[in-house]
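Asker: One file is attached below, input_7.txt, containing compact mmCIF, C-alpha atoms.
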# COMPACT_ATOMS: atom_id res chain seq x y z
CA MET A 1 21.75 -46.77 -35.00
CA LYS A 2 25.37 -47.86 -35.29
CA PRO A 3 25.82 -50.60 -37.93
CA ILE A 4 27.36 -53.87 -36.77
CA THR A 5 29.52 -56.41 -38.59
CA VAL A 6 28.71 -60.05 -38.06
CA THR A 7 30.45 -63.22 -39.21
CA LEU A 8 28.50 -66.45 -39.22
CA THR A 9 28.55 -69.83 -40.90
CA VAL A 10 25.62 -70.37 -43.26
CA ASN A 11 25.19 -73.83 -44.79
CA GLY A 12 28.87 -74.52 -44.15
CA GLN A 13 30.19 -71.27 -45.65
CA THR A 14 31.59 -68.36 -43.67
CA ARG A 15 29.71 -65.15 -44.42
CA THR A 16 30.38 -61.65 -43.14
CA ILE A 17 27.77 -58.91 -43.32
CA THR A 18 27.54 -55.33 -42.09
CA THR A 19 24.01 -54.28 -41.28
CA LEU A 20 21.84 -52.30 -38.86
CA PRO A 21 21.50 -53.96 -35.44
CA ASN A 22 17.70 -54.07 -35.49
CA LYS A 23 17.72 -56.59 -38.31
CA THR A 24 16.71 -60.13 -37.42
CA LEU A 25 18.48 -63.25 -38.63
CA LEU A 26 15.39 -63.83 -40.81
CA TYR A 27 15.83 -60.60 -42.78
CA ALA A 28 19.63 -60.82 -42.85
CA LEU A 29 19.30 -64.25 -44.50
CA ARG A 30 16.69 -63.01 -46.97
CA GLU A 31 17.99 -59.55 -47.83
CA ASP A 32 21.75 -59.63 -47.21
CA LEU A 33 22.44 -63.24 -48.21
CA GLY A 34 19.63 -63.82 -50.74
CA LEU A 35 18.38 -66.97 -49.00
CA THR A 36 14.65 -66.50 -49.55
CA GLY A 37 13.68 -70.05 -48.56
CA VAL A 38 13.29 -68.69 -45.04
CA LYS A 39 9.81 -67.13 -44.88
CA ASP A 40 7.99 -64.51 -42.84
CA ALA A 41 4.33 -65.37 -42.40
CA CYS A 42 3.35 -63.90 -39.01
CA GLY A 43 5.18 -60.59 -39.13
CA GLY A 44 8.07 -61.48 -36.87
CA GLU A 45 6.21 -62.57 -33.77
CA GLY A 46 7.43 -66.13 -33.48
CA GLU A 47 3.93 -67.53 -33.97
CA CYS A 48 4.07 -69.39 -37.29
CA GLY A 49 7.41 -71.18 -37.62
CA ALA A 50 7.77 -70.31 -41.33
CA CYS A 51 11.18 -68.76 -40.56
CA THR A 52 12.49 -71.86 -38.76
CA VAL A 53 16.24 -72.40 -39.31
CA ILE A 54 18.69 -74.62 -37.46
CA LEU A 55 21.01 -72.54 -35.24
CA ASP A 56 23.88 -74.51 -33.70
CA GLY A 57 21.86 -77.72 -34.02
CA GLU A 58 18.54 -76.40 -32.67
CA ALA A 59 15.40 -75.37 -34.56
CA VAL A 60 14.71 -71.70 -33.83
CA ASN A 61 12.51 -68.95 -35.23
CA ALA A 62 14.91 -66.73 -37.21
CA CYS A 63 12.54 -63.77 -36.64
CA LEU A 64 13.32 -63.92 -32.90
CA VAL A 65 17.12 -63.92 -33.25
CA LEU A 66 18.86 -60.58 -33.76
CA ILE A 67 21.58 -60.71 -36.38
CA GLY A 68 24.09 -59.63 -33.70
CA GLN A 69 23.12 -62.66 -31.62
CA ALA A 70 24.05 -64.95 -34.55
CA ASP A 71 27.64 -63.68 -34.67
CA GLY A 72 30.02 -66.64 -34.63
CA ARG A 73 27.20 -69.16 -34.85
CA SER A 74 26.29 -71.75 -37.43
CA VAL A 75 23.02 -71.61 -39.38
CA GLU A 76 21.40 -74.21 -41.62
CA THR A 77 18.67 -73.12 -44.05
CA ILE A 78 16.57 -75.07 -46.55
CA GLU A 79 19.03 -74.09 -49.30
CA GLY A 80 21.72 -76.15 -47.54
CA LEU A 81 19.81 -79.44 -47.42
CA ALA A 82 20.30 -80.80 -50.95
CA GLN A 83 23.76 -82.28 -51.51
CA ASP A 84 25.30 -82.43 -55.01
CA GLY A 85 21.91 -81.84 -56.60
CA GLU A 86 20.26 -84.65 -54.60
CA LEU A 87 17.34 -83.63 -52.40
CA HIS A 88 17.51 -84.51 -48.70
CA PRO A 89 15.31 -87.53 -47.78
CA LEU A 90 12.96 -85.16 -45.91
CA GLN A 91 12.52 -83.04 -49.04
CA CYS A 92 11.83 -86.17 -51.14
CA ALA A 93 9.36 -87.49 -48.56
CA PHE A 94 7.46 -84.17 -48.40
CA VAL A 95 7.08 -84.27 -52.21
CA GLU A 96 6.18 -87.97 -52.41
CA THR A 97 3.56 -87.90 -49.65
CA GLY A 98 1.92 -84.70 -50.90
CA ALA A 99 2.87 -82.76 -47.78
CA VAL A 100 3.33 -79.62 -49.88
CA GLN A 101 0.58 -77.45 -51.33
CA CYS A 102 1.33 -73.73 -51.43
CA GLY A 103 4.78 -74.43 -50.01
CA PHE A 104 5.07 -71.36 -47.82
CA CYS A 105 5.38 -73.25 -44.54
CA THR A 106 7.38 -76.12 -46.06
CA PRO A 107 10.98 -74.95 -45.52
CA GLY A 108 10.31 -74.21 -41.84
CA ALA A 109 8.49 -77.50 -41.31
CA ILE A 110 11.28 -79.49 -42.99
CA LEU A 111 13.95 -77.80 -40.87
CA ALA A 112 11.94 -78.37 -37.66
CA ALA A 113 11.71 -82.03 -38.69
CA LYS A 114 15.42 -82.19 -39.54
CA ALA A 115 16.38 -80.85 -36.11
CA LEU A 116 14.26 -83.68 -34.66
CA LEU A 117 15.77 -86.43 -36.85
CA ASP A 118 19.32 -85.19 -36.20
CA ARG A 119 18.67 -85.80 -32.49
CA ASP A 120 16.24 -88.74 -32.66
CA PRO A 121 16.57 -90.79 -35.88
CA SER A 122 13.46 -92.92 -35.21
CA PRO A 123 10.93 -90.67 -33.49
CA THR A 124 7.45 -91.69 -32.35
CA ASP A 125 4.44 -89.98 -33.98
CA ASP A 126 3.99 -87.98 -30.77
CA ALA A 127 7.57 -86.74 -31.00
CA ILE A 128 6.98 -85.75 -34.64
CA ARG A 129 3.80 -83.87 -33.70
CA GLU A 130 5.65 -82.11 -30.90
CA ALA A 131 8.52 -81.16 -33.21
CA LEU A 132 6.08 -79.65 -35.73
CA SER A 133 3.85 -77.97 -33.12
CA GLY A 134 5.41 -74.56 -33.79
CA ASN A 135 4.86 -74.71 -37.56
CA LEU A 136 1.53 -73.46 -38.85
CA CYS A 137 0.17 -74.81 -42.13
CA ARG A 138 -3.00 -73.32 -43.60
CA CYS A 139 -3.55 -75.57 -46.62
CA THR A 140 -1.99 -79.04 -46.59
CA GLY A 141 -2.76 -79.92 -42.99
CA TYR A 142 -0.53 -81.87 -40.72
CA SER A 143 -1.28 -85.57 -41.33
CA LYS A 144 0.73 -85.73 -44.53
CA MET A 145 3.63 -83.88 -42.95
CA ILE A 146 3.73 -86.38 -40.10
CA ALA A 147 3.63 -89.22 -42.62
CA ALA A 148 6.45 -87.54 -44.57
CA VAL A 149 8.69 -87.26 -41.53
CA ARG A 150 7.99 -90.89 -40.62
CA ARG A 151 8.85 -91.94 -44.20
CA ALA A 152 12.05 -89.89 -44.24
CA ALA A 153 13.12 -91.43 -40.93
CA GLU A 154 12.58 -94.93 -42.43
CA GLU A 155 14.48 -94.02 -45.62
CA MET A 156 17.37 -92.66 -43.65
CA SER A 157 17.57 -95.72 -41.40
CA HIS A 158 17.75 -97.99 -44.50
CA ALA A 159 20.49 -95.81 -45.94
CA ARG A 160 22.64 -96.21 -42.83
CA MET B 1 11.20 -53.10 -35.95
CA GLN B 2 12.02 -50.27 -33.58
CA GLU B 3 15.52 -48.78 -33.65
CA PHE B 4 18.21 -49.54 -31.07
CA ASP B 5 21.95 -49.83 -30.67
CA PHE B 6 23.31 -53.29 -29.88
CA TYR B 7 26.16 -54.55 -27.72
CA ALA B 8 27.07 -58.14 -26.95
CA ALA B 9 28.52 -59.23 -23.61
CA ASN B 10 30.67 -62.33 -23.19
CA THR B 11 30.94 -62.35 -19.39
CA LEU B 12 28.80 -61.31 -16.45
CA ASP B 13 31.20 -58.43 -15.62
CA GLU B 14 31.01 -57.17 -19.16
CA LEU B 15 27.21 -57.45 -19.17
CA LEU B 16 26.88 -55.36 -15.99
CA ARG B 17 29.39 -52.79 -17.27
CA LEU B 18 27.67 -52.44 -20.65
CA LEU B 19 24.27 -52.04 -18.98
CA ALA B 20 25.60 -49.42 -16.55
CA GLN B 21 27.36 -47.47 -19.32
CA SER B 22 24.63 -47.61 -21.95
CA GLY B 23 21.47 -47.43 -19.87
CA GLY B 24 20.26 -50.29 -22.07
CA ARG B 25 18.22 -53.37 -21.38
CA VAL B 26 19.01 -57.05 -21.60
CA ILE B 27 18.04 -59.27 -24.51
CA ALA B 28 18.58 -63.01 -24.01
CA GLY B 29 16.41 -65.53 -25.88
CA GLY B 30 14.51 -62.66 -27.51
CA THR B 31 11.20 -64.54 -27.57
CA ASP B 32 9.41 -61.69 -25.75
CA VAL B 33 11.76 -58.72 -26.27
CA LEU B 34 11.74 -58.99 -30.07
CA VAL B 35 7.97 -59.47 -30.30
CA GLN B 36 7.61 -56.19 -28.40
CA ALA B 37 10.38 -54.47 -30.40
CA GLN B 38 8.67 -55.61 -33.60
CA ARG B 39 5.54 -53.77 -32.41
CA GLY B 40 7.69 -50.77 -31.45
CA VAL B 41 6.82 -50.96 -27.76
CA PHE B 42 9.95 -52.30 -26.04
CA PRO B 43 11.06 -49.54 -23.66
CA ALA B 44 14.76 -49.35 -24.58
CA SER B 45 16.98 -47.66 -27.16
CA VAL B 46 19.97 -49.91 -26.41
CA LEU B 47 19.91 -53.72 -26.22
CA VAL B 48 22.72 -55.61 -24.52
CA ASP B 49 22.89 -59.26 -25.57
CA ALA B 50 23.36 -61.62 -22.62
CA SER B 51 22.93 -64.83 -24.60
CA ARG B 52 26.68 -65.65 -24.61
CA VAL B 53 27.22 -65.22 -20.88
CA ARG B 54 27.92 -68.85 -19.93
CA GLU B 55 28.10 -68.03 -16.21
CA LEU B 56 24.33 -67.47 -16.16
CA ARG B 57 23.34 -70.79 -17.75
CA PHE B 58 23.41 -73.54 -15.15
CA ILE B 59 21.30 -75.87 -13.03
CA GLY B 60 22.98 -76.95 -9.84
CA GLN B 61 22.66 -77.81 -6.20
CA ASP B 62 24.47 -76.56 -3.20
CA GLY B 63 23.49 -78.61 -0.13
CA GLU B 64 19.69 -78.55 0.01
CA THR B 65 19.44 -75.52 -2.29
CA ILE B 66 18.76 -75.85 -6.00
CA ARG B 67 19.91 -72.94 -8.18
CA ILE B 68 18.97 -72.20 -11.78
CA GLY B 69 20.84 -69.55 -13.77
CA ALA B 70 18.76 -66.89 -15.51
CA LEU B 71 19.91 -67.95 -18.99
CA THR B 72 18.72 -71.54 -18.53
CA THR B 73 16.38 -72.27 -21.42
CA TYR B 74 13.06 -74.09 -21.22
CA ALA B 75 14.73 -76.92 -23.16
CA ASP B 76 17.49 -77.07 -20.51
CA ILE B 77 14.82 -77.33 -17.78
CA LEU B 78 13.08 -80.17 -19.65
CA ALA B 79 16.35 -82.08 -19.97
CA SER B 80 17.35 -81.79 -16.29
CA PRO B 81 17.06 -84.95 -14.15
CA LEU B 82 17.68 -82.81 -11.03
CA LEU B 83 14.68 -80.59 -11.80
CA ARG B 84 12.47 -83.55 -12.74
CA GLU B 85 13.18 -84.87 -9.25
CA THR B 86 13.00 -81.64 -7.23
CA ALA B 87 10.69 -79.37 -9.26
CA PRO B 88 8.36 -81.51 -11.40
CA ALA B 89 5.75 -78.73 -11.72
CA LEU B 90 8.40 -76.40 -13.17
CA VAL B 91 9.34 -79.06 -15.71
CA MET B 92 5.67 -79.58 -16.62
CA ALA B 93 5.34 -75.82 -17.11
CA ALA B 94 8.46 -75.56 -19.30
CA ALA B 95 7.03 -78.31 -21.52
CA THR B 96 3.95 -76.19 -22.27
CA VAL B 97 5.79 -73.01 -23.28
CA GLY B 98 5.47 -72.18 -26.98
CA ALA B 99 6.95 -74.82 -29.27
CA PRO B 100 10.44 -76.38 -29.62
CA GLN B 101 11.65 -73.23 -31.42
CA THR B 102 10.60 -71.09 -28.44
CA ARG B 103 11.91 -73.50 -25.81
CA ALA B 104 15.36 -73.62 -27.42
CA ARG B 105 15.74 -69.84 -27.03
CA GLY B 106 13.46 -68.58 -24.24
CA THR B 107 14.97 -68.42 -20.77
CA LEU B 108 13.77 -68.72 -17.18
CA GLY B 109 15.18 -65.28 -16.36
CA GLY B 110 13.33 -63.87 -19.35
CA ASN B 111 10.05 -65.36 -18.17
CA ILE B 112 10.51 -63.53 -14.85
CA ALA B 113 11.75 -60.26 -16.42
CA ASN B 114 8.85 -60.22 -18.88
CA ALA B 115 6.51 -60.41 -15.87
CA SER B 116 3.51 -61.52 -17.88
CA PRO B 117 0.54 -62.40 -15.65
CA ALA B 118 0.39 -65.60 -17.76
CA GLY B 119 4.11 -66.53 -17.52
CA ASP B 120 4.07 -70.31 -17.27
CA THR B 121 7.09 -70.87 -15.01
CA LEU B 122 5.96 -68.29 -12.45
CA PRO B 123 3.24 -70.26 -10.58
CA PRO B 124 5.57 -73.28 -10.17
CA LEU B 125 8.32 -71.00 -8.84
CA LEU B 126 5.84 -69.47 -6.39
CA THR B 127 4.92 -72.95 -5.11
CA LEU B 128 8.64 -73.62 -4.56
CA ASP B 129 9.00 -70.42 -2.46
CA ALA B 130 11.69 -69.45 -4.96
CA THR B 131 13.95 -66.48 -4.37
CA VAL B 132 15.52 -64.39 -7.11
CA ARG B 133 19.09 -63.11 -7.00
CA LEU B 134 19.42 -59.70 -8.63
CA VAL B 135 22.85 -58.25 -9.37
CA LYS B 136 24.18 -54.97 -10.64
CA ARG B 137 27.57 -53.29 -10.66
CA GLY B 138 28.66 -53.06 -7.06
CA GLY B 139 25.72 -54.82 -5.43
CA GLU B 140 23.28 -57.67 -5.23
CA ARG B 141 20.06 -58.51 -3.42
CA VAL B 142 17.92 -61.60 -2.99
CA LEU B 143 14.12 -61.24 -3.03
CA PRO B 144 11.17 -63.61 -2.95
CA LEU B 145 9.77 -63.97 -6.48
CA ALA B 146 6.48 -62.32 -5.46
CA GLU B 147 8.38 -59.13 -4.58
CA VAL B 148 10.12 -59.07 -7.97
CA LEU B 149 6.79 -59.19 -9.84
CA CYS B 150 5.04 -55.92 -9.09
CA GLY B 151 2.42 -55.65 -11.84
CA PRO B 152 1.52 -56.71 -15.37
CA ARG B 153 4.83 -56.55 -17.28
CA GLN B 154 6.44 -54.73 -14.36
CA THR B 155 9.29 -55.88 -12.17
CA CYS B 156 11.11 -54.19 -9.33
CA LEU B 157 14.42 -54.36 -11.26
CA GLU B 158 16.44 -51.16 -11.10
CA PRO B 159 18.28 -49.73 -14.12
CA GLY B 160 21.46 -51.73 -14.70
CA GLU B 161 20.22 -54.62 -12.55
CA ILE B 162 19.81 -58.13 -13.97
CA ILE B 163 18.28 -61.39 -12.86
CA HIS B 164 21.21 -63.66 -11.99
CA SER B 165 19.48 -66.86 -10.84
CA VAL B 166 16.62 -68.33 -8.88
CA ALA B 167 16.95 -70.63 -5.88
CA PHE B 168 14.65 -72.89 -3.91
CA ARG B 169 15.03 -75.55 -1.26
CA ARG B 170 14.81 -79.21 -2.22
CA PRO B 171 11.55 -80.51 -0.71
CA SER B 172 12.38 -82.23 2.59
CA GLN B 173 9.16 -84.27 2.75
CA PRO B 174 7.43 -86.51 0.22
CA THR B 175 5.72 -83.98 -2.04
CA GLY B 176 3.24 -84.20 -4.89
CA ALA B 177 3.43 -81.38 -7.39
CA ALA B 178 1.67 -80.54 -10.63
CA PHE B 179 1.21 -77.79 -13.21
CA LEU B 180 -1.74 -77.48 -15.57
CA LYS B 181 -2.46 -74.92 -18.23
CA LEU B 182 -5.63 -74.11 -20.10
CA GLY B 183 -4.80 -72.64 -23.49
CA ASN B 184 -6.73 -72.22 -26.71
CA ARG B 185 -4.68 -74.98 -28.33
CA GLN B 186 -1.77 -77.25 -27.44
CA GLY B 187 1.08 -75.58 -29.33
CA MET B 188 2.15 -71.93 -28.98
CA ALA B 189 -0.64 -71.20 -26.49
CA ILE B 190 -0.58 -68.39 -23.96
CA ALA B 191 -2.41 -69.46 -20.81
CA VAL B 192 -6.05 -68.54 -20.29
CA VAL B 193 -5.41 -69.84 -16.77
CA ASN B 194 -2.45 -71.78 -15.42
CA VAL B 195 -2.00 -73.33 -11.99
CA ALA B 196 0.75 -75.00 -9.99
CA VAL B 197 0.31 -76.88 -6.74
CA SER B 198 2.57 -78.60 -4.26
CA LEU B 199 1.40 -80.94 -1.51
CA PRO B 200 4.07 -81.93 1.03
CA LEU B 201 2.99 -84.63 3.48
CA ASP B 202 4.19 -84.90 7.09
CA ASP B 203 5.05 -88.20 8.81
CA ASP B 204 1.38 -88.75 9.72
CA GLY B 205 0.31 -88.40 6.08
CA ARG B 206 -1.21 -84.97 6.60
CA ILE B 207 -0.68 -82.02 4.27
CA ALA B 208 2.15 -79.98 5.77
CA GLY B 209 2.37 -76.64 3.98
CA ALA B 210 0.51 -76.76 0.67
CA ARG B 211 1.15 -74.20 -2.04
CA VAL B 212 -1.38 -73.22 -4.69
CA ALA B 213 -0.45 -70.56 -7.27
CA LEU B 214 -2.31 -69.35 -10.34
CA GLY B 215 -1.50 -67.27 -13.40
CA ALA B 216 -3.51 -65.11 -15.82
CA VAL B 217 -6.16 -64.44 -13.17
CA ALA B 218 -4.68 -61.33 -11.47
CA PRO B 219 -2.19 -58.52 -12.32
CA THR B 220 0.66 -60.89 -11.41
CA PRO B 221 0.77 -64.64 -10.81
CA VAL B 222 -0.59 -65.12 -7.28
CA ARG B 223 -0.67 -67.65 -4.51
CA SER B 224 -4.03 -68.56 -3.03
CA PRO B 225 -3.66 -68.33 0.78
CA ARG B 226 -7.32 -69.36 1.19
CA ALA B 227 -6.85 -72.60 -0.74
CA GLU B 228 -3.61 -73.30 1.12
CA ALA B 229 -5.42 -72.76 4.46
CA VAL B 230 -8.15 -75.25 3.51
CA LEU B 231 -5.48 -77.88 2.82
CA TYR B 232 -3.34 -77.26 5.90
CA GLY B 233 -3.17 -80.23 8.25
CA GLN B 234 -5.76 -82.24 6.32
CA SER B 235 -5.43 -85.73 4.96
CA LEU B 236 -5.55 -86.23 1.20
CA ASN B 237 -9.17 -86.76 0.26
CA ASP B 238 -11.22 -85.56 -2.68
CA ASP B 239 -13.57 -83.49 -0.53
CA VAL B 240 -10.69 -81.44 0.91
CA LEU B 241 -9.13 -81.00 -2.53
CA GLU B 242 -12.46 -79.83 -3.96
CA ARG B 243 -13.04 -77.31 -1.14
CA ALA B 244 -9.50 -75.97 -1.62
CA ALA B 245 -10.12 -75.55 -5.35
CA GLN B 246 -13.33 -73.58 -4.67
CA ALA B 247 -11.40 -71.34 -2.25
CA VAL B 248 -9.13 -69.95 -5.01
CA LEU B 249 -12.07 -67.68 -5.98
CA TYR B 250 -11.31 -65.51 -2.93
CA ASP B 251 -7.77 -64.83 -4.09
CA ILE B 252 -8.11 -64.17 -7.82
CA ALA B 253 -9.34 -61.13 -9.76
CA PRO B 254 -9.44 -62.11 -13.43
CA ILE B 255 -10.18 -59.72 -16.26
CA THR B 256 -11.81 -60.24 -19.64
CA ASP B 257 -9.38 -60.19 -22.58
CA VAL B 258 -8.93 -61.75 -26.03
CA ARG B 259 -8.21 -65.18 -24.55
CA GLY B 260 -11.20 -65.46 -22.22
CA SER B 261 -13.78 -63.66 -20.12
CA ALA B 262 -13.41 -63.01 -16.39
CA ASP B 263 -16.34 -65.34 -15.69
CA TYR B 264 -14.85 -68.15 -17.78
CA ARG B 265 -11.50 -67.68 -16.05
CA ARG B 266 -13.11 -67.98 -12.58
CA LYS B 267 -14.79 -71.26 -13.55
CA ALA B 268 -11.67 -72.55 -15.28
CA ALA B 269 -9.42 -71.60 -12.34
CA VAL B 270 -11.51 -73.71 -9.93
CA ARG B 271 -11.67 -76.76 -12.20
CA LEU B 272 -8.00 -76.55 -13.21
CA THR B 273 -6.95 -76.24 -9.55
CA ALA B 274 -9.10 -79.25 -8.61
CA ARG B 275 -7.48 -81.32 -11.36
CA ALA B 276 -3.97 -80.19 -10.42
CA LEU B 277 -4.56 -81.07 -6.76
CA ARG B 278 -5.89 -84.53 -7.69
CA LEU B 279 -2.89 -85.06 -9.97
CA ALA B 280 -0.47 -84.06 -7.21
CA ALA B 281 -2.29 -86.31 -4.72
CA GLN B 282 -2.11 -89.21 -7.19
CA GLN B 283 1.63 -88.65 -7.65
CA ILE B 284 2.27 -88.73 -3.95
CA ARG B 285 0.27 -91.95 -3.55
CA GLU B 286 2.21 -93.56 -6.38
CA GLY B 287 5.45 -92.25 -4.87
CA ALA B 288 4.54 -93.83 -1.53
CA GLN B 289 3.98 -97.21 -3.19
CA ALA B 290 7.28 -97.07 -5.09
Render the structure in this file as structure tokens.
Answerer:
Amino acid sequence: MKPITVTLTVNGQTRTITTLPNKTLLYALREDLGLTGVKDACGGEGECGACTVILDGEAVNACLVLIGQADGRSVETIEGLAQDGELHPLQCAFVETGAVQCGFCTPGAILAAKALLDRDPSPTDDAIREALSGNLCRCTGYSKMIAAVRRAAEEMSHAR
Amino acid sequence: MQEFDFYAANTLDELLRLLAQSGGRVIAGGTDVLVQAQRGVFPASVLVDASRVRELRFIGQDGETIRIGALTTYADILASPLLRETAPALVMAAATVGAPQTRARGTLGGNIANASPAGDTLPPLLTLDATVRLVKRGGERVLPLAEVLCGPRQTCLEPGEIIHSVAFRRPSQPTGAAFLKLGNRQGMAIAVVNVAVSLPLDDDGRIAGARVALGAVAPTPVRSPRAEAVLYGQSLNDDVLERAAQAVLYDIAPITDVRGSADYRRKAAVRLTARALRLAAQQIREGAQA
């Protein structure tokens, strides 16, 4: 395999990496850039949503994007959400409503929810369910996550 | 993950040249290719990335013909007012694919190229009599979708050839159309059975040329000529719709797999077809009142 060099924007910073072409965005973020908030739960089959990141404004499974396909693109991970040490309203709401237990699915679920709120600041419960439908959780369950997204949307509308 | 070399194309010309030179295969949204590569079973040692080729991502009309570029994502299909008007069953199908993460990346061309018997957009495209434009360096051909799909995960594409776009004619008569899918859950489900129907009505309110197509019940998605024949020339009534639904049994050959048994699929195919036909009939009645 011929290595490839890729330049992408990650959480607002330009990063250049040289890696083998059969690496996915998921493992490039984890291994080459040390961003381990992005998780692999299903073995890279796009089933679980734990590796959800925001790629050019859309929630995607990072395990189904080759690193070469991310060249020149902009990626947002969970590490980029807090600003100046302040958690993002979605992160606060997940903590406050108890939408986190083991935490493994949490970064992906929060990013799926953020992609929704970026597009639709006051979503219906059905829209929240739809946005989270690709994110599997095996311990907390989904009701508290839906409540958390609703609460974050309210917080953010007050802040505006 | 299996090993491969990787090239990225920025234009259609470059894509065709890279494919011809490398003997590689296309990756676009990656939602099927990478799952197979992860398992080490994708039959290619070179991948050529088409995802930046803007020329292949479009939804447009040209007279009475609607064209959809191969790189159009499921999310693009869902957001298209033109397709909601002219191909509602295709839009309903796109809405059931995977989850938002899948729909943002997966493409219509990929759904055809992957040639899964359960591919959700394929029955709606069959009911639209869609044709597929295939291009390679120095040539192109246009084939009916059914001729592109030649077996489970097999297409008639030649080395170096790509899916450029699909085309279908805007319905000329008032038409009811629907897509339904039976999966094991709502999100991320692969169809146990899926079905698309279209019911065009002539000026006398009789069914002109119905289309009924089913997936996950044969080696490729298939039309049901027997169900279509039952509907032909009839008025819309529940008895006719029910007899048509029963007739799909003559045209399907389901197998037993992890998602369902052959017997379950036969029963589900009949009931799902009956529901889809009633939904399409209801749409056309509501359309007539509007």
Asker: Show me, as JSON, numbers by chain, every residue of chain B with an atom at most 8 Å from chain A, counting all atoms listed in the file.
Answerer: {"B": [1, 2, 3, 4, 5, 6, 8, 29, 30, 31, 34, 35, 38, 49, 51, 98, 99, 100, 101, 102, 104, 105, 187, 188]}
Asker: Given only C-alpha atoms as the basis, pick out the residue of B:Val193, B:Val132, B:Val258, B:Leu108 nearest to Asp32 of chain B.
Answerer: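 Answer, going by the shortest atom-to-atom distance: B:Leu108.
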Asker: Report as a ChimeraX atom specification all protein, DNA and RNA residues lying within 12 Å of Leu12 of chain B, evaluated on all atoms listed in the file, omitting residues in the same chain fewer than 2 positions from it.
Answerer: /B:8-10,14-19,26,48-57,69-71,135-137,161-164
Asker: Provide the atom CA of Val166 of chain B to atom CA of Ala113 of chain B distance in Å, to one decimal place.
Answerer: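 If I compute the distance from atom CA of Val166 of chain B to atom CA of Ala113 of chain B, I get 12.1 Å.
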Asker: Which residue gives the smallest distance to Cys156 of chain B among B:Asn194, B:Asn114, B:Gln173, B:Gln282, with all atoms listed in the file counted?
Answerer: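 Ranked by minimum distance to Cys156 of chain B, first place goes to B:Asn114.
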Asker: Need the axis-aligned box for segment 191-202 of chain B with 5 Å each side, so what are the centre and edges in Å to one decimal, as lines of an AutoDock Vina configuration file?
Answerer:
center_x = -0.9
center_y = -76.7
center_z = -6.9
size_x = 20.2
size_y = 26.4
size_z = 37.9
Asker: Which residues, written as an NGL selection string, have at least one atom at most 9 Å from Lys181 of chain B, with all atoms listed in the file counted and residues fewer than 3 positions away on the same chain left out?
Answerer: :B and (93 or 96 or 120 or 190-196 or 272)
Asker: So that I can check the surroundings of Gly108 of chain A, please list as an NGL selection string every protein, DNA and RNA residue that reaches within 6 Å of it, counting only C-alpha atoms and ignoring chain neighbours fewer than 2 positions away.
Answerer: :A and (49-52 or 105-106 or 110-111)
